[in-house]
file upload-v2.cif (mmCIF, C-alpha atoms and all ligand atoms)
data_run
loop_
_atom_site.label_atom_id
_atom_site.label_comp_id
_atom_site.auth_asym_id
_atom_site.auth_seq_id
_atom_site.Cartn_x
_atom_site.Cartn_y
_atom_site.Cartn_z
CA MET V 562 0.00 0.00 0.00
CA CYS V 563 1.38 3.40 -0.86
CA CYS V 564 1.62 6.38 1.35
CA ALA V 565 -1.07 9.07 1.58
CA ALA V 566 -0.23 12.26 -0.32
CA ALA V 567 1.54 14.71 1.97
CA GLU V 568 -0.64 17.67 2.89
CA THR V 569 0.38 20.99 1.37
CA THR V 570 0.64 23.69 3.99
CA VAL V 571 -1.69 26.63 3.33
CA GLU V 572 -1.10 29.68 5.50
CA ARG V 573 -3.01 32.94 5.37
CA PHE V 574 -2.79 36.49 6.64
CA ALA V 575 -6.19 38.14 7.08
CA PRO V 576 -6.00 41.86 7.87
CA SER V 577 -8.96 44.22 8.13
CA PRO V 578 -8.50 47.37 6.00
CA THR V 579 -9.48 49.72 8.81
CA GLY V 580 -6.16 51.40 9.47
CA PRO V 581 -2.44 51.22 8.78
CA LEU V 582 -0.58 47.95 9.29
CA HIS V 583 1.70 48.18 12.29
CA LEU V 584 4.59 46.10 13.62
CA GLY V 585 2.18 43.52 15.09
CA HIS V 586 0.69 42.88 11.65
CA ALA V 587 4.15 42.65 10.12
CA PHE V 588 5.12 40.04 12.71
CA SER V 589 1.99 37.98 12.02
CA ALA V 590 2.28 38.16 8.25
CA LEU V 591 6.02 37.40 8.23
CA THR V 592 5.61 34.49 10.67
CA GLY V 593 2.93 32.88 8.51
CA HIS V 594 4.84 33.59 5.31
CA ASP V 595 8.10 32.17 6.71
CA ALA V 596 6.23 29.04 7.89
CA ALA V 597 4.64 28.53 4.46
CA ARG V 598 7.99 28.95 2.77
CA ALA V 599 9.75 26.57 5.18
CA ALA V 600 7.09 23.93 4.51
CA GLY V 601 7.16 24.45 0.73
CA GLY V 602 3.52 25.52 1.05
CA ARG V 603 1.20 28.27 -0.11
CA PHE V 604 0.55 31.71 1.36
CA LEU V 605 -2.76 33.53 0.97
CA LEU V 606 -3.88 37.03 1.78
CA ARG V 607 -7.50 37.68 2.71
CA ILE V 608 -9.08 41.08 3.13
CA GLU V 609 -11.50 41.03 6.07
CA ASP V 610 -13.71 43.95 5.13
CA ILE V 611 -17.14 42.96 6.46
CA ASP V 612 -17.28 46.08 8.61
CA ARG V 613 -18.32 48.35 5.75
CA ALA V 614 -18.49 51.38 8.02
CA ARG V 615 -14.79 51.12 8.89
CA ALA V 616 -13.18 49.43 5.86
CA ARG V 617 -11.60 51.80 3.32
CA PRO V 618 -10.15 51.08 -0.14
CA GLU V 619 -7.15 53.26 0.65
CA TRP V 620 -6.28 51.09 3.67
CA GLU V 621 -6.58 48.00 1.48
CA ALA V 622 -4.20 49.53 -1.08
CA ALA V 623 -1.81 50.41 1.75
CA ILE V 624 -1.90 46.78 2.99
CA PHE V 625 -0.84 45.46 -0.43
CA GLU V 626 1.91 48.04 -0.65
CA ASP V 627 3.32 47.43 2.85
CA LEU V 628 3.25 43.63 2.50
CA ALA V 629 4.94 43.70 -0.91
CA TRP V 630 7.58 46.04 0.49
CA LEU V 631 8.16 43.59 3.35
CA GLY V 632 8.97 40.99 0.70
CA LEU V 633 5.79 38.93 0.95
CA ALA V 634 4.29 37.19 -2.07
CA TRP V 635 0.73 35.88 -2.05
CA GLU V 636 -1.56 34.12 -4.46
CA GLU V 637 -4.00 36.02 -6.66
CA PRO V 638 -6.87 36.66 -6.70
CA VAL V 639 -7.07 37.91 -3.13
CA LEU V 640 -10.27 36.88 -1.38
CA ARG V 641 -12.33 39.77 -0.09
CA GLN V 642 -14.95 38.98 2.54
CA SER V 643 -17.33 41.59 1.12
CA ASP V 644 -17.59 39.31 -1.96
CA ARG V 645 -18.59 36.34 0.18
CA LEU V 646 -21.89 37.56 1.65
CA PRO V 647 -23.99 34.93 -0.23
CA ALA V 648 -21.88 32.12 1.29
CA TYR V 649 -22.33 33.59 4.77
CA ARG V 650 -26.09 33.91 4.16
CA ASP V 651 -26.34 30.26 3.08
CA ALA V 652 -24.56 29.08 6.21
CA LEU V 653 -26.80 31.24 8.42
CA LEU V 654 -29.89 29.93 6.68
CA GLY V 655 -28.78 26.35 7.31
CA LEU V 656 -28.14 27.03 11.01
CA TRP V 657 -31.45 28.90 11.31
CA ARG V 658 -33.41 26.03 9.79
CA ARG V 659 -31.72 23.62 12.19
CA GLY V 660 -33.08 25.78 15.03
CA LEU V 661 -29.60 26.83 16.18
CA LEU V 662 -30.03 30.61 15.82
CA PHE V 663 -32.32 33.21 17.30
CA ALA V 664 -32.94 36.85 16.41
CA CYS V 665 -31.82 39.47 18.90
CA SER V 666 -32.75 43.14 19.22
CA CYS V 667 -30.61 43.95 22.29
CA THR V 668 -28.31 46.92 22.29
CA ARG V 669 -24.97 46.81 24.06
CA ARG V 670 -26.55 48.82 26.87
CA ASP V 671 -29.47 46.34 27.21
CA ILE V 672 -26.93 43.53 27.55
CA GLU V 673 -24.87 45.38 30.15
CA ALA V 674 -28.00 46.13 32.20
CA ALA V 675 -29.37 42.58 32.01
CA ALA V 676 -26.00 40.88 32.57
CA SER V 677 -25.17 42.82 35.72
CA ALA V 678 -28.70 42.88 37.25
CA PRO V 679 -28.98 39.43 38.87
CA GLN V 680 -25.66 39.31 40.66
CA GLU V 681 -25.36 42.78 42.21
CA GLY V 682 -21.71 43.36 42.96
CA ALA V 683 -20.43 40.16 41.32
CA GLU V 684 -18.64 40.51 38.00
CA PRO V 685 -20.84 39.24 35.14
CA PRO V 686 -19.12 36.53 33.05
CA ARG V 687 -17.03 37.69 30.11
CA GLY V 688 -15.35 35.96 27.19
CA PRO V 689 -13.75 36.66 23.83
CA ASP V 690 -16.79 38.72 22.73
CA GLY V 691 -17.16 40.64 25.97
CA LEU V 692 -20.13 40.07 28.27
CA VAL V 693 -21.73 36.64 27.97
CA TYR V 694 -25.22 37.22 26.60
CA PRO V 695 -27.83 36.96 29.37
CA GLY V 696 -30.42 35.33 27.09
CA THR V 697 -32.97 38.16 26.89
CA CYS V 698 -34.14 37.52 23.30
CA ARG V 699 -33.84 33.71 23.31
CA GLY V 700 -37.33 32.39 22.41
CA ARG V 701 -38.72 35.92 22.13
CA TRP V 702 -39.03 36.32 18.36
CA PRO V 703 -40.57 33.86 15.87
CA GLY V 704 -38.06 31.10 15.24
CA PRO V 705 -37.60 28.57 12.43
CA ALA V 706 -40.94 26.83 13.15
CA GLU V 707 -42.89 29.92 12.08
CA ARG V 708 -40.38 31.62 9.86
CA THR V 709 -38.24 29.79 7.29
CA GLU V 710 -35.91 32.78 6.74
CA PRO V 711 -34.16 34.68 9.53
CA PRO V 712 -35.11 38.36 9.78
CA GLY V 713 -32.60 40.51 7.88
CA ASP V 714 -32.83 43.51 10.17
CA MET V 715 -31.79 41.95 13.47
CA ALA V 716 -28.67 40.36 14.89
CA LEU V 717 -28.61 36.56 14.84
CA ARG V 718 -27.17 34.70 17.81
CA LEU V 719 -26.17 31.10 18.17
CA ASP V 720 -28.30 29.30 20.75
CA MET V 721 -25.40 27.70 22.62
CA GLU V 722 -27.45 25.03 24.39
CA ALA V 723 -29.17 24.02 21.15
CA ALA V 724 -25.78 23.91 19.40
CA LEU V 725 -24.26 21.64 22.07
CA ARG V 726 -27.35 19.39 21.94
CA ALA V 727 -27.09 19.21 18.13
CA LEU V 728 -23.50 17.97 18.43
CA GLY V 729 -24.47 15.22 20.88
CA PRO V 730 -21.47 13.28 22.26
CA ARG V 731 -19.15 15.12 19.84
CA ALA V 732 -19.56 18.21 22.02
CA ASP V 733 -17.31 16.50 24.59
CA THR V 734 -14.49 15.83 22.13
CA LEU V 735 -13.95 19.29 20.62
CA GLY V 736 -10.46 20.72 20.53
CA PHE V 737 -7.63 21.97 18.37
CA THR V 738 -3.88 21.69 17.94
CA GLU V 739 -1.88 24.69 19.11
CA LEU V 740 1.52 24.97 17.45
CA GLY V 741 2.34 28.28 19.12
CA ALA V 742 1.10 29.14 22.60
CA GLY V 743 -1.92 30.66 24.30
CA PRO V 744 -1.70 33.47 26.89
CA GLU V 745 -0.89 30.96 29.66
CA GLY V 746 1.57 29.04 27.52
CA GLU V 747 -1.06 26.49 26.42
CA SER V 748 0.16 24.33 23.55
CA GLY V 749 -0.37 20.94 21.94
CA HIS V 750 -3.90 19.57 22.12
CA ILE V 751 -6.29 22.20 23.54
CA PRO V 752 -9.67 20.78 24.57
CA VAL V 753 -12.73 22.97 24.04
CA THR V 754 -15.27 21.86 26.62
CA PRO V 755 -19.04 22.52 26.71
CA ASP V 756 -18.56 24.13 30.14
CA ALA V 757 -16.01 26.61 28.77
CA LEU V 758 -18.26 27.37 25.80
CA ARG V 759 -21.22 28.03 28.10
CA ALA V 760 -19.25 30.05 30.63
CA THR V 761 -17.18 32.27 28.35
CA CYS V 762 -18.95 32.37 24.99
CA GLY V 763 -22.67 31.72 25.44
CA ASP V 764 -25.05 32.85 22.70
CA ILE V 765 -22.51 34.56 20.47
CA VAL V 766 -23.51 36.83 17.58
CA LEU V 767 -23.09 35.14 14.20
CA ALA V 768 -24.65 37.93 12.14
CA ARG V 769 -24.44 41.52 13.23
CA ARG V 770 -27.41 43.74 12.44
CA GLY V 771 -26.92 45.34 9.04
CA MET V 772 -23.76 43.30 8.35
CA GLY V 773 -25.15 39.87 7.45
CA THR V 774 -22.26 38.05 9.13
CA SER V 775 -19.73 38.36 11.94
CA TYR V 776 -15.99 37.92 12.31
CA HIS V 777 -16.40 34.41 13.76
CA LEU V 778 -18.70 33.07 11.05
CA SER V 779 -16.74 34.59 8.15
CA VAL V 780 -13.35 33.48 9.39
CA VAL V 781 -14.30 29.80 9.77
CA LEU V 782 -16.13 29.68 6.44
CA ASP V 783 -13.30 31.39 4.60
CA ASP V 784 -10.50 29.36 6.19
CA ALA V 785 -12.36 26.23 5.08
CA ALA V 786 -13.25 27.55 1.61
CA GLN V 787 -9.60 28.49 1.02
CA GLY V 788 -8.29 25.17 2.29
CA VAL V 789 -6.24 26.85 5.03
CA THR V 790 -4.30 24.23 7.00
CA HIS V 791 -2.48 26.58 9.40
CA VAL V 792 -3.83 29.75 11.00
CA THR V 793 -1.07 32.03 12.26
CA ARG V 794 -2.37 34.96 14.30
CA GLY V 795 -1.93 36.89 17.53
CA ARG V 796 -2.46 35.39 20.95
CA ASP V 797 -5.33 37.85 21.52
CA LEU V 798 -7.45 35.53 19.34
CA PHE V 799 -6.62 32.35 21.28
CA GLU V 800 -9.89 32.47 23.28
CA ALA V 801 -11.93 33.12 20.11
CA THR V 802 -10.57 29.86 18.70
CA ARG V 803 -13.00 28.04 21.00
CA ILE V 804 -15.86 29.61 19.11
CA HIS V 805 -14.23 28.78 15.79
CA VAL V 806 -13.82 25.11 16.72
CA LEU V 807 -17.48 24.90 17.75
CA LEU V 808 -18.61 26.49 14.47
CA GLN V 809 -16.37 24.17 12.46
CA ALA V 810 -18.05 21.19 14.15
CA LEU V 811 -21.55 22.56 13.54
CA LEU V 812 -20.82 23.36 9.90
CA GLY V 813 -18.90 20.15 9.15
CA LEU V 814 -15.62 21.97 8.43
CA THR V 815 -12.06 20.74 8.95
CA VAL V 816 -10.26 22.28 11.93
CA PRO V 817 -6.96 23.86 10.81
CA ARG V 818 -3.94 23.89 13.09
CA TYR V 819 -3.44 27.14 14.99
CA ARG V 820 -0.25 29.00 15.74
CA HIS V 821 -1.00 31.86 18.13
CA HIS V 822 2.04 34.08 18.50
CA ARG V 823 3.22 36.61 21.07
CA LEU V 824 1.94 40.16 20.70
CA ILE V 825 4.17 43.04 19.78
CA ARG V 826 3.88 45.64 22.52
CA ASP V 827 4.69 49.31 22.72
CA ALA V 828 7.24 50.82 25.10
CA GLU V 829 4.65 50.79 27.94
CA GLY V 830 3.93 47.11 27.35
CA LYS V 831 0.51 47.74 25.76
CA ARG V 832 -0.60 45.68 22.78
CA LEU V 833 -0.39 47.63 19.52
CA ALA V 834 -3.71 48.58 17.94
CA LYS V 835 -4.61 50.09 14.57
CA ARG V 836 -4.73 53.52 16.17
CA ASP V 837 -1.04 53.24 17.09
CA ASP V 838 -0.01 55.07 13.98
CA ALA V 839 3.38 55.70 15.52
CA ARG V 840 4.18 52.01 14.92
CA ALA V 841 2.78 52.00 11.37
CA ILE V 842 5.03 50.21 8.89
CA ARG V 843 4.61 53.03 6.41
CA LEU V 844 6.12 55.48 8.92
CA TYR V 845 9.17 53.28 9.43
CA ARG V 846 9.43 53.03 5.65
CA ALA V 847 9.25 56.80 5.31
CA GLU V 848 12.05 57.09 7.87
CA GLY V 849 14.26 54.85 5.73
CA ALA V 850 13.92 51.50 7.56
CA THR V 851 14.50 48.37 5.45
CA PRO V 852 12.38 45.20 5.54
CA GLU V 853 15.25 43.52 7.40
CA ASP V 854 15.08 46.31 10.02
CA ILE V 855 11.39 45.48 10.53
CA ARG V 856 12.20 41.77 10.93
CA ARG V 857 14.78 42.65 13.54
CA MET V 858 12.41 45.02 15.38
CA VAL V 859 9.82 42.26 15.81
CA GLY V 860 12.43 39.68 16.80
CA LEU V 861 12.56 37.58 13.64
CA ALA V 862 15.81 36.16 12.29
CA PRO V 863 17.10 37.79 9.10
CA LEU V 864 16.04 36.03 5.91
CA THR V 865 19.50 36.28 4.47
CA PRO V 866 21.96 35.72 7.31
CA PRO V 867 24.85 38.19 7.26
CA SER V 868 27.74 36.62 5.36
CA ALA V 869 30.70 35.49 7.42
CA PRO V 870 33.61 37.95 7.46
N1 LIG T 1 -9.08 40.24 10.59
C1 LIG T 1 -8.54 39.96 11.89
C2 LIG T 1 -7.71 41.13 12.36
O1 LIG T 1 -7.29 41.94 11.56
C3 LIG T 1 -7.67 38.72 11.91
C4 LIG T 1 -8.47 37.51 12.00
C5 LIG T 1 -7.71 36.18 12.06
O2 LIG T 1 -6.51 36.13 11.77
O3 LIG T 1 -8.38 35.20 12.34
O4 LIG T 1 -7.48 41.20 13.54
#
call {"tool": "encode", "arguments": {"input": "upload-v2.cif", "output": "C-alpha cells"}}
result
Amino acid sequence: MCCAAAETTVERFAPSPTGPLHLGHAFSALTGHDAARAAGGRFLLRIEDIDRARARPEWEAAIFEDLAWLGLAWEEPVLRQSDRLPAYRDALLGLWRRGLLFACSCTRRDIEAAASAPQEGAEPPRGPDGLVYPGTCRGRWPGPAERTEPPGDMALRLDMEAALRALGPRADTLGFTELGAGPEGESGHIPVTPDALRATCGDIVLARRGMGTSYHLSVVLDDAAQGVTHVTRGRDLFEATRIHVLLQALLGLTVPRYRHHRLIRDAEGKRLAKRDDARAIRLYRAEGATPEDIRRMVGLAPLTPPSAP
C-alpha cells in the first residue's frame, strides 16, 4: 500500500482594512509567510472587510503596498470577505433552519444592564466577545418553526445550548492543535469543553445587524473555503478559537492547526492597535527603515543571514 499524499501547507494572513498595518501585523504576516515557505507551502492574503463602516479602499491599497515592500508574495486573486456575503447567508440559513439561531434586538446597553442585574456586585461573566449574553431575546421572536428565513434587520445569535445538543457526544471531544502558545503558555492539544463554551462564549452573535455576518462566522467559512491548513495569528485571538472550533463542528468543516504568537507591545507594554499610527510600517518606511530592520524590530531572524567575514 502506498503512502497518503503529503498535505500541502496553506497559511493565510487576514487583515482588516481599517487602518495602517503596524509592527504587530508585520510580525503575524512574516511568521505565517516564513512558515509557508519553510514547509514548501502556499501563502494567501485575505481582506476582512465585512465592517463596511470602517473598511476603506485606501487602507486596502496600503496593505498590499506594505506587505509587498516587506517581501511577501501571495496568491492572486485575493479573497475579499465583502464578496462572500452569499456564502455567509447560506450558512446562516442552514443554522437557522436547524433551530440553532435566534434573532436578537438587544443593544450593548441592554446587555450590560441585564447581565449585571442578577448578581449585584459580582462581576458578570465575560469571554472573547465581551459580556456573555444573558439570554434576553432567546425564544422571544418567531423562530424557524414559524419563519423559514431569519429576519434581515436583526442580529442573529447562536443558541449555545441548542448547538451543544445538536452535536451530541461530539460536544465533549472538541479541541484543536496549538503549534504556538496561548496566553498561559497552552500548547499541543487544547480541549474545548461545553462548560467553557457556556461560561465564556454563550449565545454569540453570528450575524451583526446590518452586516449579514460576523468575524467568527466569516473566518471559519473562509479558512475552510480556502483550504487553510495553518492559521497564524496573535495570541489575543486564542480564546476566540474556542468559538471557531465549535462552528467548524456545527458546519462540518475541517479544523486547521493554529499558531497563536506573542503580541508586539509598545514601550509601555501595551498591545499595539490600529490607532497606534506611531508604529505604522509606512512610517518606518518613510524614515528609511528596510524590511530587514522590521524583521529585527519584531524579533525575527534575518532572511538572508549576514555573510561570514
Ligand atoms: N481580521 C482579523 C484582524 O485583523 C484577523 C483575523 C484572524 O486572523 O483570524 O485582527
call {"tool": "residues_around", "arguments": {"input": "upload-v2.cif", "residues": "range 611-622 of chain V", "least_positions_apart": "3", "cutoff": "10 Å", "atoms": "all atoms listed in the file", "output": "ChimeraX atom specification"}}
result
/V:576-582,608,625-627,641-646,769,771-776,779
call {"tool": "residues_around", "arguments": {"input": "upload-v2.cif", "residues": "Leu640 in chain V", "least_positions_apart": "2", "cutoff": "12 Å", "atoms": "only C-alpha atoms", "output": "count of residues only"}}
result
24
call {"tool": "residues_near_point", "arguments": {"input": "upload-v2.cif", "point": "(-25.5, 34.0, 21.1)", "cutoff": "7 Å", "atoms": "only C-alpha atoms", "output": "list in words"}}
result
Tyr694, Arg718, Leu719, Asp720, Met721, Gly763, Asp764, Ile765 and Val766 of chain V
call {"tool": "axis_aligned_box", "arguments": {"input": "upload-v2.cif", "around": "range 630-649 of chain V", "padding_each_side": "4 Å", "output": "AutoDock Vina command-line options"}}
result
--center_x -7.5 --center_y 39.1 --center_z -1.0 --size_x 41.0 --size_y 21.9 --size_z 19.5
call {"tool": "atom_distance", "arguments": {"input": "upload-v2.cif", "atom1": "CA of Thr790 in chain V", "atom2": "CA of Pro817 in chain V"}}
result
4.7 Å
call {"tool": "closest_residue", "arguments": {"input": "upload-v2.cif", "among": "V:Ala742, V:Val571, V:Ala810, V:Ala801", "to": "ligand LIG 1 (chain T)", "atoms": "only C-alpha atoms and all ligand atoms"}}
result
V:Ala801
call {"tool": "closest_residue", "arguments": {"input": "upload-v2.cif", "among": "V:Leu631, V:Thr570, V:His750, V:Glu848", "to": "Leu591 in chain V", "atoms": "all atoms listed in the file"}}
result
V:Leu631
call {"tool": "closest_residue", "arguments": {"input": "upload-v2.cif", "among": "V:Ala664, V:Leu633, V:Leu740, V:Ala785", "to": "Arg708 in chain V", "atoms": "all atoms listed in the file"}}
result
V:Ala664
call {"tool": "residues_around", "arguments": {"input": "upload-v2.cif", "residues": "range 710-717 of chain V", "least_positions_apart": "6", "cutoff": "12 Å", "atoms": "all atoms listed in the file", "output": "VMD selection string"}}
result
chain V and resid 650 to 669 698 to 699 702 to 704 764 to 775 778
call {"tool": "residues_around", "arguments": {"input": "upload-v2.cif", "residues": "Asp854 in chain V", "least_positions_apart": "3", "cutoff": "12 Å", "atoms": "all atoms listed in the file", "output": "PyMOL selection string"}}
result
chain V and resi 584+587+631+842+845-846+848-851+857-864
call {"tool": "atom_distance", "arguments": {"input": "upload-v2.cif", "atom1": "CA of Leu725 in chain V", "atom2": "CA of Tyr649 in chain V"}}
result
21.1 Å
call {"tool": "atom_distance", "arguments": {"input": "upload-v2.cif", "atom1": "CA of Arg603 in chain V", "atom2": "CA of Glu572 in chain V"}}
result
6.2 Å
call {"tool": "closest_residue", "arguments": {"input": "upload-v2.cif", "among": "V:Leu782, V:Leu798, V:Leu814, V:Ile825", "to": "ligand LIG 1 (chain T)", "atoms": "only C-alpha atoms and all ligand atoms"}}
result
V:Leu798
